[in-house]
>>> print(open('upload-v9.cif').read())   # mmCIF, C-alpha atoms
data_upload
loop_
_atom_site.label_atom_id
_atom_site.label_comp_id
_atom_site.auth_asym_id
_atom_site.auth_seq_id
_atom_site.Cartn_x
_atom_site.Cartn_y
_atom_site.Cartn_z
CA VAL A 1 -89.21 17.72 -47.71
CA PHE A 2 -86.20 16.87 -45.55
CA VAL A 3 -83.52 14.20 -45.85
CA ILE A 4 -81.74 12.02 -43.31
CA GLY A 5 -78.77 10.15 -44.67
CA HIS A 6 -75.03 9.95 -44.90
CA MET A 7 -72.49 10.80 -47.57
CA ARG A 8 -68.85 9.80 -47.84
CA PRO A 9 -66.32 11.34 -50.22
CA GLN A 10 -64.56 7.96 -50.42
CA VAL A 11 -66.53 4.74 -50.14
CA ALA A 12 -63.86 2.08 -50.77
CA GLN A 13 -60.26 1.50 -51.78
CA GLN A 14 -59.25 -0.83 -54.58
CA VAL A 15 -55.87 -2.48 -55.11
CA THR A 16 -54.53 -1.64 -58.56
CA SER A 17 -52.75 -3.71 -61.20
CA ASP A 18 -49.40 -3.66 -59.39
CA GLY A 19 -51.01 -5.51 -56.48
CA VAL A 20 -49.85 -2.91 -53.97
CA THR A 21 -51.11 0.61 -54.76
CA LEU A 22 -54.57 1.43 -53.43
CA GLN A 23 -56.96 3.55 -55.49
CA PRO A 24 -59.65 5.55 -53.66
CA ARG A 25 -63.14 4.88 -55.02
CA VAL A 26 -65.80 7.59 -54.91
CA PRO A 27 -69.60 7.35 -55.21
CA CYS A 28 -70.87 7.02 -58.77
CA TYR A 29 -73.07 10.11 -58.40
CA ALA A 30 -69.87 12.19 -58.10
CA ALA A 31 -69.50 11.81 -61.88
CA ILE A 32 -72.33 14.33 -62.23
CA TRP A 33 -72.15 16.12 -58.88
CA PRO A 34 -68.53 16.37 -57.71
CA ASP A 35 -69.70 18.77 -55.00
CA PRO A 36 -71.70 16.77 -52.42
CA MET A 37 -73.97 19.73 -51.70
CA ASP A 38 -74.99 19.84 -55.36
CA ALA A 39 -76.00 16.19 -55.04
CA VAL A 40 -78.08 17.00 -51.96
CA SER A 41 -79.76 19.92 -53.73
CA PHE A 42 -80.65 17.72 -56.69
CA PHE A 43 -81.91 14.98 -54.42
CA LEU A 44 -84.29 17.41 -52.69
CA SER A 45 -85.51 19.07 -55.88
CA ASN A 46 -86.01 15.71 -57.62
CA TRP A 47 -88.48 14.41 -55.02
CA ASN A 48 -91.56 14.29 -57.25
CA ASN A 49 -89.72 12.59 -60.10
CA ALA A 50 -88.08 10.09 -57.74
CA LEU A 51 -91.43 9.27 -56.14
CA TYR A 52 -93.04 8.75 -59.56
CA ASN A 53 -90.27 6.41 -60.73
CA SER A 54 -90.23 4.50 -57.45
CA THR A 55 -93.97 3.96 -57.63
CA LEU A 56 -93.69 2.85 -61.25
CA PHE A 57 -90.88 0.43 -60.34
CA ASP A 58 -92.99 -1.09 -57.56
CA ALA A 59 -95.97 -1.45 -59.87
CA ASN A 60 -93.97 -3.13 -62.64
CA LEU A 61 -92.24 -5.49 -60.21
CA THR A 62 -95.53 -6.45 -58.60
CA LYS A 63 -97.11 -7.02 -62.01
CA ASP A 64 -94.33 -9.39 -63.04
CA ALA A 65 -94.28 -11.22 -59.69
CA LEU A 66 -98.05 -11.69 -59.63
CA LYS A 67 -97.68 -13.85 -62.73
CA ILE A 68 -96.17 -16.36 -60.30
CA SER A 69 -98.30 -15.80 -57.19
CA GLN A 70 -99.45 -13.30 -54.58
CA ASP A 71 -96.97 -14.75 -52.11
CA TYR A 72 -94.16 -14.25 -54.59
CA ALA A 73 -95.08 -10.60 -55.09
CA ALA A 74 -95.04 -10.08 -51.31
CA LEU A 75 -91.65 -11.79 -51.00
CA LEU A 76 -90.04 -9.60 -53.66
CA ALA A 77 -91.44 -6.47 -52.03
CA LEU A 78 -89.26 -7.33 -49.01
CA THR A 79 -86.16 -8.05 -51.06
CA VAL A 80 -84.99 -5.18 -53.26
CA ARG A 81 -84.08 -2.61 -50.62
CA GLN A 82 -82.14 -5.17 -48.60
CA VAL A 83 -79.92 -6.08 -51.54
CA PHE A 84 -79.18 -2.52 -52.61
CA GLY A 85 -78.49 -1.56 -49.02
CA ALA A 86 -75.43 -3.82 -49.18
CA VAL A 87 -73.85 -2.41 -52.34
CA GLU A 88 -71.86 0.66 -53.38
CA ILE A 89 -71.55 1.79 -57.01
CA THR A 90 -68.24 3.57 -57.51
CA ILE A 91 -65.96 5.36 -59.96
CA SER A 92 -62.30 6.33 -59.66
CA ALA A 93 -62.56 10.14 -59.68
CA PRO A 94 -65.25 12.86 -59.38
CA GLY A 95 -66.45 14.64 -62.49
CA THR A 96 -65.77 11.85 -64.99
CA PHE A 97 -67.62 8.72 -66.10
CA ARG A 98 -66.56 5.72 -68.15
CA ASP A 99 -68.50 2.49 -68.09
CA ASP A 100 -65.29 0.45 -67.86
CA ASP A 101 -64.35 2.40 -64.72
CA VAL A 102 -67.45 1.44 -62.75
CA ILE A 103 -66.98 -1.04 -59.90
CA MET A 104 -69.66 -2.26 -57.53
CA TYR A 105 -68.87 -3.46 -54.04
CA MET A 106 -71.03 -5.74 -51.93
CA LYS A 107 -70.66 -6.27 -48.20
CA GLU A 108 -71.20 -9.71 -46.71
CA ILE A 109 -73.42 -8.45 -43.92
CA SER A 110 -73.85 -10.21 -40.53
CA SER A 111 -71.96 -13.40 -41.40
CA ASP A 112 -68.72 -11.40 -41.64
CA GLY A 113 -67.42 -8.21 -43.22
CA ASN A 114 -65.89 -9.54 -46.45
CA ILE A 115 -66.12 -7.46 -49.60
CA ASN A 116 -67.41 -8.95 -52.86
CA THR A 117 -67.67 -12.47 -51.50
CA VAL A 118 -68.19 -14.66 -54.54
CA ASP A 119 -70.71 -17.02 -52.91
CA VAL A 120 -72.71 -14.00 -51.71
CA ILE A 121 -72.77 -12.36 -55.13
CA MET A 122 -73.80 -15.73 -56.59
CA PRO A 123 -77.17 -16.11 -54.83
CA SER A 124 -77.93 -12.39 -55.16
CA HIS A 125 -77.20 -12.13 -58.86
CA PRO A 126 -80.66 -13.15 -60.20
CA LEU A 127 -81.93 -9.79 -58.92
CA PHE A 128 -79.33 -7.96 -61.00
CA LEU A 129 -80.02 -10.14 -64.03
CA TYR A 130 -83.63 -9.02 -63.83
CA LEU A 131 -83.03 -5.32 -63.09
CA ASN A 132 -79.73 -4.50 -64.84
CA PRO A 133 -77.41 -7.37 -65.78
CA ALA A 134 -74.48 -4.99 -66.34
CA MET A 135 -74.28 -4.78 -62.55
CA VAL A 136 -73.15 -8.41 -62.38
CA GLY A 137 -70.13 -7.42 -64.44
CA TYR A 138 -69.42 -4.45 -62.18
CA LEU A 139 -69.35 -6.82 -59.19
CA LEU A 140 -67.16 -9.44 -60.85
CA LYS A 141 -64.64 -7.09 -62.45
CA PRO A 142 -62.36 -6.47 -59.43
CA LEU A 143 -62.25 -10.20 -58.70
CA PHE A 144 -61.33 -11.03 -62.27
CA ASP A 145 -58.73 -8.27 -62.50
CA PHE A 146 -56.90 -9.29 -59.35
CA GLN A 147 -56.64 -12.94 -60.36
CA ALA A 148 -55.95 -12.35 -64.06
CA GLN A 149 -52.98 -10.21 -62.99
CA ALA A 150 -51.58 -13.25 -61.11
CA HIS A 151 -51.80 -11.68 -57.65
CA TYR A 152 -53.59 -14.73 -56.25
CA PRO A 153 -51.39 -17.84 -55.84
CA ASN A 154 -53.97 -20.64 -55.79
CA PRO A 155 -55.19 -22.49 -58.91
CA TRP A 156 -58.84 -22.07 -57.89
CA ALA A 157 -60.95 -18.91 -57.64
CA MET A 158 -60.60 -16.52 -54.72
CA HIS A 159 -63.33 -16.41 -52.08
CA ASP A 160 -63.66 -12.61 -51.79
CA MET A 161 -62.00 -9.32 -52.69
CA GLY A 162 -60.89 -8.56 -49.14
CA ALA A 163 -61.50 -9.60 -45.56
CA ASN A 164 -62.77 -6.23 -44.40
CA PHE A 165 -65.22 -4.03 -46.30
CA PRO A 166 -64.52 -1.44 -47.76
CA ASN A 167 -60.92 -2.54 -48.41
CA ALA A 168 -60.76 -4.35 -51.75
CA THR A 169 -57.18 -5.49 -51.30
CA GLY A 170 -57.50 -9.12 -52.37
CA HIS A 171 -55.59 -12.05 -50.89
CA PRO A 172 -52.06 -12.07 -52.34
CA THR A 173 -50.96 -14.79 -49.90
CA GLY A 174 -53.94 -17.02 -50.78
CA ASN A 175 -55.17 -17.18 -47.19
CA ASP A 176 -58.82 -16.39 -47.91
CA GLU A 177 -61.56 -18.75 -46.73
CA PRO A 178 -60.98 -21.81 -48.94
CA MET A 179 -63.94 -22.84 -51.10
CA PRO A 180 -62.12 -24.06 -54.22
CA ILE A 181 -64.89 -25.87 -56.11
CA GLU A 182 -67.59 -23.48 -54.87
CA GLU A 183 -65.98 -20.24 -55.99
CA SER A 184 -64.41 -21.58 -59.19
CA GLY A 185 -67.81 -22.80 -60.30
CA ASN A 186 -69.51 -19.58 -59.24
CA MET A 187 -67.17 -17.32 -61.20
CA ILE A 188 -67.51 -19.31 -64.42
CA LEU A 189 -71.28 -19.58 -64.12
CA MET A 190 -71.81 -15.89 -63.34
CA ALA A 191 -69.51 -14.83 -66.18
CA LEU A 192 -71.71 -16.76 -68.61
CA SER A 193 -74.99 -15.50 -67.11
CA HIS A 194 -73.69 -11.93 -67.27
CA ALA A 195 -72.75 -12.37 -70.94
CA ARG A 196 -76.10 -13.86 -71.87
CA PHE A 197 -78.33 -11.42 -70.04
CA SER A 198 -76.33 -8.26 -70.79
CA GLN A 199 -75.39 -9.31 -74.34
CA ASP A 200 -71.88 -8.17 -73.44
CA GLN A 201 -69.28 -10.88 -74.00
CA SER A 202 -66.25 -8.77 -73.10
CA LEU A 203 -65.59 -10.52 -69.77
CA LEU A 204 -65.51 -13.89 -71.51
CA HIS A 205 -62.84 -12.76 -73.97
CA LEU A 206 -60.80 -10.68 -71.53
CA TYR A 207 -60.64 -13.25 -68.74
CA TYR A 208 -60.75 -16.49 -70.69
CA PRO A 209 -57.31 -17.71 -69.51
CA VAL A 210 -58.10 -17.46 -65.81
CA MET A 211 -61.52 -19.05 -66.28
CA ARG A 212 -59.88 -21.88 -68.19
CA GLN A 213 -57.49 -22.36 -65.28
CA TRP A 214 -60.44 -22.69 -62.89
CA ALA A 215 -62.22 -25.06 -65.26
CA VAL A 216 -59.15 -27.32 -65.37
CA TYR A 217 -59.12 -27.31 -61.57
CA LEU A 218 -62.78 -28.39 -61.63
CA VAL A 219 -62.09 -31.17 -64.13
CA ASN A 220 -59.47 -32.52 -61.73
CA ASN A 221 -61.46 -32.11 -58.52
CA THR A 222 -65.21 -31.69 -58.84
CA LEU A 223 -66.48 -35.20 -59.59
CA ILE A 224 -65.11 -36.54 -56.28
CA PRO A 225 -64.90 -33.43 -54.06
CA GLY A 226 -62.50 -33.51 -51.16
CA ASN A 227 -63.36 -32.39 -47.64
CA GLN A 228 -64.27 -28.86 -48.73
CA LEU A 229 -66.51 -26.06 -47.60
CA ALA A 230 -69.42 -25.09 -49.82
CA THR A 231 -71.40 -21.86 -49.69
CA THR A 232 -73.38 -23.41 -46.82
CA ASP A 233 -70.25 -23.21 -44.68
CA ALA A 234 -72.30 -22.92 -41.47
CA ALA A 235 -72.96 -26.65 -41.90
CA GLY A 236 -69.23 -27.37 -42.05
CA PRO A 237 -66.99 -29.09 -44.60
CA LEU A 238 -67.86 -32.47 -46.05
CA ALA A 239 -66.29 -34.79 -48.60
CA ASN A 240 -68.22 -36.03 -51.62
CA GLN A 241 -71.00 -33.45 -51.39
CA THR A 242 -73.40 -34.12 -54.25
CA ASN A 243 -74.65 -30.53 -54.52
CA LEU A 244 -71.10 -29.17 -54.60
CA ALA A 245 -70.00 -31.76 -57.16
CA VAL A 246 -72.88 -30.97 -59.50
CA LYS A 247 -72.13 -27.24 -59.31
CA GLY A 248 -68.64 -27.93 -60.59
CA ILE A 249 -69.95 -30.24 -63.32
CA ILE A 250 -72.44 -27.62 -64.50
CA ALA A 251 -69.66 -25.02 -64.44
CA VAL A 252 -67.48 -27.24 -66.64
CA GLY A 253 -70.42 -27.39 -69.05
CA ALA A 254 -70.70 -23.60 -68.86
CA MET A 255 -66.99 -23.36 -69.67
CA ALA A 256 -67.67 -25.34 -72.84
CA LYS A 257 -70.19 -22.65 -73.85
CA ILE A 258 -67.71 -19.89 -72.99
CA ALA A 259 -65.07 -21.63 -75.12
CA GLU A 260 -67.55 -21.86 -77.98
CA ILE A 261 -68.42 -18.16 -77.73
CA THR A 262 -64.74 -17.17 -77.70
CA ASN A 263 -63.85 -19.48 -80.60
CA ASN A 264 -61.76 -21.87 -78.52
CA THR A 265 -63.22 -24.85 -80.32
CA MET A 266 -60.95 -27.57 -78.95
CA ASP A 267 -61.67 -26.43 -75.40
CA ALA A 268 -65.38 -26.35 -76.15
CA THR A 269 -65.33 -29.96 -77.27
CA TYR A 270 -63.17 -31.07 -74.35
CA PHE A 271 -65.08 -29.35 -71.54
CA GLY A 272 -68.43 -30.35 -73.03
CA SER A 273 -67.37 -34.00 -73.22
CA VAL A 274 -66.10 -33.96 -69.62
CA ALA A 275 -69.30 -32.37 -68.28
CA HIS A 276 -71.55 -34.91 -69.95
CA GLN A 277 -69.44 -37.87 -68.83
CA TYR A 278 -69.21 -36.55 -65.28
CA ILE A 279 -72.96 -36.11 -64.94
CA VAL A 280 -73.41 -39.79 -65.84
CA ASN A 281 -70.96 -40.72 -63.11
CA TRP A 282 -72.53 -38.24 -60.67
CA THR A 283 -76.00 -39.70 -61.24
CA ALA A 284 -74.77 -43.22 -60.53
CA MET A 285 -73.19 -42.13 -57.24
CA ALA A 286 -75.66 -39.46 -56.07
CA VAL A 287 -79.05 -41.13 -56.48
CA SER A 288 -80.19 -43.73 -53.98
CA ASP A 289 -83.06 -46.21 -54.08
CA ALA A 290 -82.44 -47.28 -50.50
CA PRO A 291 -85.17 -46.60 -47.89
CA ILE A 292 -84.29 -43.77 -45.53
CA MET A 293 -85.57 -43.33 -41.99
CA LEU A 294 -86.63 -39.77 -41.26
CA GLU A 295 -88.63 -38.12 -38.50
CA GLY A 296 -91.93 -38.90 -40.19
CA GLY A 297 -91.08 -42.55 -40.75
CA LEU A 298 -89.48 -44.71 -43.43
CA HIS A 299 -89.21 -43.06 -46.86
CA GLN A 300 -89.11 -45.49 -49.77
CA GLN A 301 -88.63 -42.94 -52.57
CA GLN A 302 -85.60 -42.37 -54.70
CA HIS A 303 -83.63 -39.41 -53.42
CA VAL A 304 -80.38 -37.55 -54.00
CA LYS A 305 -77.92 -38.17 -51.20
CA LEU A 306 -76.12 -35.41 -49.32
CA ASP A 307 -72.82 -37.23 -49.89
CA TYR A 308 -72.03 -40.14 -52.15
CA GLN A 309 -71.10 -42.57 -49.40
CA ASN A 310 -74.21 -42.26 -47.24
CA SER A 311 -77.58 -43.46 -48.54
CA SER A 312 -79.29 -42.46 -45.29
CA THR A 313 -78.78 -38.76 -46.06
CA TRP A 314 -80.37 -36.26 -48.41
CA GLY A 315 -79.85 -32.62 -49.30
CA ILE A 316 -81.46 -29.99 -51.47
CA GLN A 317 -79.81 -29.62 -54.88
CA PHE A 318 -80.09 -25.88 -55.38
CA ASN A 319 -77.13 -25.74 -57.76
CA LEU A 320 -79.28 -27.27 -60.49
CA TYR A 321 -80.82 -23.81 -60.87
CA MET A 322 -77.89 -22.62 -62.98
CA ASP A 323 -78.34 -25.54 -65.36
CA VAL A 324 -81.92 -24.32 -65.90
CA LEU A 325 -81.12 -20.61 -65.99
CA LEU A 326 -78.34 -21.02 -68.55
CA GLN A 327 -80.23 -23.72 -70.49
CA LEU A 328 -77.17 -25.96 -70.45
CA ASP A 329 -79.13 -29.23 -70.27
CA ILE A 330 -76.32 -30.97 -68.41
CA VAL A 331 -78.47 -32.61 -65.72
CA PRO A 332 -80.90 -35.31 -66.93
CA LYS A 333 -84.60 -34.57 -66.68
CA HIS A 334 -85.26 -37.54 -64.41
CA ILE A 335 -83.08 -35.97 -61.69
CA TYR A 336 -85.39 -32.97 -61.60
CA ASN A 337 -88.36 -35.33 -61.40
CA ILE A 338 -86.80 -37.21 -58.46
CA LEU A 339 -86.32 -33.95 -56.59
CA ASP A 340 -89.83 -32.67 -57.38
CA ASP A 341 -91.23 -35.89 -55.94
CA TRP A 342 -88.93 -35.77 -52.90
CA TYR A 343 -89.16 -32.20 -51.62
CA PRO A 344 -92.86 -32.29 -50.61
CA THR A 345 -92.24 -35.45 -48.55
CA VAL A 346 -89.59 -33.76 -46.38
CA SER A 347 -91.03 -30.24 -46.21
CA GLN A 348 -91.74 -28.95 -42.71
CA GLN A 349 -94.24 -26.22 -41.80
CA TYR A 350 -91.83 -23.47 -42.80
CA GLY A 351 -90.09 -25.12 -45.70
CA VAL A 352 -87.38 -27.61 -46.59
CA GLN A 353 -84.22 -27.85 -44.53
CA LEU A 354 -80.80 -27.66 -46.18
CA ASP A 355 -79.95 -31.32 -45.59
CA THR A 356 -79.96 -34.06 -42.97
CA ARG A 357 -77.22 -32.38 -40.90
CA VAL A 358 -79.35 -29.39 -39.84
CA THR A 359 -82.91 -28.27 -39.18
CA TRP A 360 -82.51 -24.87 -40.78
CA GLY A 361 -83.27 -23.76 -44.27
CA LYS A 362 -82.27 -20.73 -46.31
CA THR A 363 -84.60 -18.50 -48.24
CA ASP A 364 -82.03 -17.93 -50.97
CA TRP A 365 -81.23 -21.54 -51.75
CA ASN A 366 -84.82 -22.67 -51.36
CA MET A 367 -85.80 -20.11 -53.97
CA TRP A 368 -83.13 -21.58 -56.26
CA CYS A 369 -84.80 -24.96 -55.72
CA ALA A 370 -88.09 -23.32 -56.69
CA GLY A 371 -86.45 -22.03 -59.85
CA ALA A 372 -84.99 -25.42 -60.71
CA SER A 373 -88.34 -27.17 -60.30
CA SER A 374 -90.48 -28.05 -63.30
CA SER A 375 -93.53 -28.45 -61.05
CA PRO A 376 -95.64 -25.34 -60.29
CA LYS A 377 -96.88 -27.13 -57.17
CA VAL A 378 -93.35 -27.64 -55.83
CA ARG A 379 -92.34 -24.11 -56.84
CA ASP A 380 -95.29 -22.68 -54.91
CA LEU A 381 -94.48 -24.90 -51.91
CA PHE A 382 -91.07 -23.24 -51.59
CA VAL A 383 -92.44 -19.72 -52.06
CA SER A 384 -95.40 -20.09 -49.70
CA SER A 385 -93.42 -21.76 -46.93
CA ILE A 386 -90.92 -18.88 -46.93
CA MET A 387 -93.75 -16.38 -46.68
CA GLU A 388 -95.30 -18.40 -43.86
CA TYR A 389 -91.99 -18.11 -42.00
CA LEU A 390 -91.81 -14.36 -42.58
CA VAL A 391 -95.34 -13.59 -41.43
CA GLU A 392 -94.71 -15.41 -38.15
CA GLY A 393 -92.86 -12.27 -37.08
CA THR A 394 -90.13 -14.11 -35.17
CA SER A 395 -87.55 -11.46 -36.11
CA ALA A 396 -87.79 -7.71 -35.61
CA GLY A 397 -84.65 -7.18 -37.68
CA PRO A 398 -84.06 -7.10 -41.45
CA LEU A 399 -85.05 -10.29 -43.25
CA PRO A 400 -82.94 -13.21 -41.92
CA ASP A 401 -82.21 -15.65 -44.74
CA ARG A 402 -81.37 -18.61 -42.45
CA TYR A 403 -84.07 -19.92 -40.14
CA SER A 404 -85.48 -23.01 -38.49
CA VAL A 405 -87.99 -24.81 -40.70
CA ILE A 406 -89.46 -26.26 -37.48
CA ASN A 407 -90.28 -23.11 -35.49
CA ALA A 408 -89.46 -20.20 -37.85
CA MET A 409 -86.80 -18.78 -35.54
CA PRO A 410 -83.92 -16.94 -37.28
CA GLU A 411 -80.54 -18.65 -37.18
CA GLY A 412 -78.16 -15.72 -36.81
CA THR A 413 -77.99 -14.03 -40.22
CA ARG A 414 -79.91 -10.94 -41.25
CA ALA A 415 -79.88 -8.05 -43.72
CA ARG A 416 -77.79 -10.09 -46.17
CA PRO A 417 -77.85 -9.35 -49.91
CA THR A 418 -78.15 -13.07 -50.60
CA VAL A 419 -81.92 -12.55 -50.69
CA GLY A 420 -81.46 -11.39 -54.27
CA ALA A 421 -81.90 -15.11 -54.92
CA HIS A 422 -85.62 -14.53 -54.42
CA PHE A 423 -85.58 -13.17 -57.98
CA SER A 424 -84.74 -16.63 -59.32
CA LEU A 425 -88.15 -17.02 -60.92
CA LEU A 426 -88.21 -13.60 -62.59
CA ALA A 427 -84.70 -14.13 -63.94
CA LEU A 428 -85.94 -17.32 -65.56
CA SER A 429 -88.66 -15.36 -67.32
CA LEU A 430 -85.91 -13.40 -69.10
CA THR A 431 -83.66 -16.38 -69.89
CA LYS A 432 -81.61 -15.77 -73.04
CA LYS A 433 -79.54 -17.89 -75.38
CA ASP A 434 -76.13 -16.92 -76.76
#
>>> encode(input="upload-v9.cif", output="structure tokens")
Amino acid sequence: VFVIGHMRPQVAQQVTSDGVTLQPRVPCYAAIWPDPMDAVSFFLSNWNNALYNSTLFDANLTKDALKISQDYAALLALTVRQVFGAVEITISAPGTFRDDDVIMYMKEISSDGNINTVDVIMPSHPLFLYLNPAMVGYLLKPLFDFQAQAHYPNPWAMHDMGANFPNATGHPTGNDEPMPIEESGNMILMALSHARFSQDQSLLHLYYPVMRQWAVYLVNNTLIPGNQLATTDAAGPLANQTNLAVKGIIAVGAMAKIAEITNNTMDATYFGSVAHQYIVNWTAMAVSDAPIMLEGGLHQQQHVKLDYQNSSTWGIQFNLYMDVLLQLDIVPKHIYNILDDWYPTVSQQYGVQLDTRVTWGKTDWNMWCAGASSSPKVRDLFVSSIMEYLVEGTSAGPLPDRYSVINAMPEGTRARPTVGAHFSLLALSLTKKD
């Protein structure tokens, strides 16, 4: 047996509580093997055990995925390695281990080099919920710490933990890529999903004040979003985005649950009331009965618009997945039915495009649509169309998550950890209540 690989004594640097001092972060294995050569020796001698456990992992994953479909099992087989290839699990010093010292870092590969980008962790986090939900907390912790210590000047949540991996230095001047509704909603929603799946509510108690701050920002801004970027920033900013607005509304509903868990009863009542009123308003503005002319002809069905003001548009509503995953029941059932009826009518050979602005789709967000669907037929449509794209072999590189739904050609991104979103269906199988 021989090994080809690389080892680094320091894998990242993390800004500390004073907002200035940088702490070196070392690989987590150094807790047991401070000497790198001891780690190599163990790695070589542990071959048979590692092979056994890897084979068992593959078998268990395949067994679970086959409960959905053969295509789904094949898709997940392509996913796990790509996600873990983008993360580092670290501690502060060799030879010691404390769970509260563990930090995970994720690189935003190919789109840029940001570290712990919130809207990259967000799509990937169903994989961690399925495999080890504590890892979601390890990814969120540096983001929470930096903002709870008032090093970030904006009232919304920060986009990432640093512009250049592996430097987790934050953005003390607030000049990160601005996605105010997007990232504020993401942080609140992931904090609640981490608490539910890990049964560890410590983040909710420790960081309640900063989450409340973000929730107040959402109350003031999410129903009628300004000209903001969403996670689909390649499509550009847009005012009144329905999918962005509903993310914020669902997050306000999630904040009501967080307030309830942390015994902030007045906040729980307030945020819950706002979320339910906003979704009534959202439904009135987002759903259109007007005919819409598309490539295949005139569509007479109800649909959800891309933006409130334009009935001739439509867009996928992948953010509804978190309403389903967290069992918040914010979004009315008939909205899900409208979408289940709509998606098959606009699906191309290789899947459903993001919205009427583009002809590309994304494997991550389409799998969130699959998870939000109550129709097995629509769910399987999303899964099978992604697999049809992948077997076309149009890319020799690591799995590109953005691609043309017309000709299956990749659209510039590859090897990104966002494909953890493919685990959306397995995460649902483990859905937990408070």
>>> resolve_selection(input="upload-v9.cif", expression="the PyMOL selection byres ((chain A and resi 307) around 12)", output="PyMOL selection string")
chain A and resi 223-227+237-246+282+285-288+303-306+308-317+355-357
>>> closest_atom_pairs(input="upload-v9.cif", of="range 140-229 of chain A", to="range 11-31 of chain A", cutoff="9 Å", atoms="all atoms listed in the file", output="CSV")
residue,atom,partner,partner_atom,distance
A:Pro142,CA,A:Gln14,CA,8.1
A:Asp145,CA,A:Ser17,CA,7.6
A:Phe146,CA,A:Ser17,CA,7.2
A:Gln149,CA,A:Ser17,CA,6.7
A:His151,CA,A:Gly19,CA,6.3
A:Phe165,CA,A:Ala12,CA,7.7
A:Pro166,CA,A:Ala12,CA,4.7
A:Asn167,CA,A:Gln13,CA,5.3
A:Ala168,CA,A:Gln14,CA,4.8
A:Thr169,CA,A:Val15,CA,5.0
A:Gly170,CA,A:Val15,CA,7.4
A:Pro172,CA,A:Gly19,CA,7.8
>>> write_last_selection(input="upload-v9.cif", atoms="C-alpha atoms", output="short mmCIF file (atom, residue, chain, number, x, y, z; two decimals), in the frame of the given file")
data_model
loop_
_atom_site.label_atom_id
_atom_site.label_comp_id
_atom_site.auth_asym_id
_atom_site.auth_seq_id
_atom_site.Cartn_x
_atom_site.Cartn_y
_atom_site.Cartn_z
CA PRO A 142 -62.36 -6.47 -59.43
CA ASP A 145 -58.73 -8.27 -62.50
CA PHE A 146 -56.90 -9.29 -59.35
CA GLN A 149 -52.98 -10.21 -62.99
CA HIS A 151 -51.80 -11.68 -57.65
CA PHE A 165 -65.22 -4.03 -46.30
CA PRO A 166 -64.52 -1.44 -47.76
CA ASN A 167 -60.92 -2.54 -48.41
CA ALA A 168 -60.76 -4.35 -51.75
CA THR A 169 -57.18 -5.49 -51.30
CA GLY A 170 -57.50 -9.12 -52.37
CA PRO A 172 -52.06 -12.07 -52.34
#
>>> resolve_selection(input="upload-v9.cif", expression="the PyMOL selection byres ((chain A and resi 371) around 10)", output="list in words")
Phe318, Leu320, Tyr321, Met322, Val324, Leu325, Trp365, Asn366, Met367, Trp368, Cys369, Ala370, Ala372, Ser373, Ser374, Ser375, Pro376, Val378, Arg379, Phe382, Ala421, His422, Phe423, Ser424, Leu425, Leu426, Ala427 and Leu428 of chain A
>>> resolve_selection(input="upload-v9.cif", expression="the PyMOL selection byres ((chain A and resi 409-411) around 8)", output="ChimeraX atom specification")
/A:360,394-395,400-404,407-408,412-413
>>> residues_around(input="upload-v9.cif", residues="Val80 in chain A", least_positions_apart="2", cutoff="9 Å", atoms="all atoms listed in the file", output="count of residues only")
11
>>> closest_residue(input="upload-v9.cif", among="A:Tyr72, A:Glu295, A:Leu430, A:Phe97", to="Arg196 in chain A", atoms="all atoms listed in the file")
A:Leu430
>>> residues_near_point(input="upload-v9.cif", point="(-76.1, 18.1, -49.5)", cutoff="12 Å", atoms="only C-alpha atoms", output="PDB file with C-alpha atoms, keeping the file's coordinate frame")
ATOM      1  CA  PHE A   2     -86.200  16.870 -45.550  1.00  0.00           C
ATOM      2  CA  VAL A   3     -83.520  14.200 -45.850  1.00  0.00           C
ATOM      3  CA  ILE A   4     -81.740  12.020 -43.310  1.00  0.00           C
ATOM      4  CA  GLY A   5     -78.770  10.150 -44.670  1.00  0.00           C
ATOM      5  CA  HIS A   6     -75.030   9.950 -44.900  1.00  0.00           C
ATOM      6  CA  MET A   7     -72.490  10.800 -47.570  1.00  0.00           C
ATOM      7  CA  ARG A   8     -68.850   9.800 -47.840  1.00  0.00           C
ATOM      8  CA  PRO A   9     -66.320  11.340 -50.220  1.00  0.00           C
ATOM      9  CA  TRP A  33     -72.150  16.120 -58.880  1.00  0.00           C
ATOM     10  CA  PRO A  34     -68.530  16.370 -57.710  1.00  0.00           C
ATOM     11  CA  ASP A  35     -69.700  18.770 -55.000  1.00  0.00           C
ATOM     12  CA  PRO A  36     -71.700  16.770 -52.420  1.00  0.00           C
ATOM     13  CA  MET A  37     -73.970  19.730 -51.700  1.00  0.00           C
ATOM     14  CA  ASP A  38     -74.990  19.840 -55.360  1.00  0.00           C
ATOM     15  CA  ALA A  39     -76.000  16.190 -55.040  1.00  0.00           C
ATOM     16  CA  VAL A  40     -78.080  17.000 -51.960  1.00  0.00           C
ATOM     17  CA  SER A  41     -79.760  19.920 -53.730  1.00  0.00           C
ATOM     18  CA  PHE A  42     -80.650  17.720 -56.690  1.00  0.00           C
ATOM     19  CA  PHE A  43     -81.910  14.980 -54.420  1.00  0.00           C
ATOM     20  CA  LEU A  44     -84.290  17.410 -52.690  1.00  0.00           C
ATOM     21  CA  SER A  45     -85.510  19.070 -55.880  1.00  0.00           C
TER      22      SER A  45
END
>>> closest_residue(input="upload-v9.cif", among="A:Leu66, A:Ile103, A:Leu51, A:Leu75", to="Glu88 in chain A", atoms="all atoms listed in the file")
A:Ile103
>>> atom_distance(input="upload-v9.cif", atom1="CA of Ser385 in chain A", atom2="CA of Tyr350 in chain A")
4.7 Å
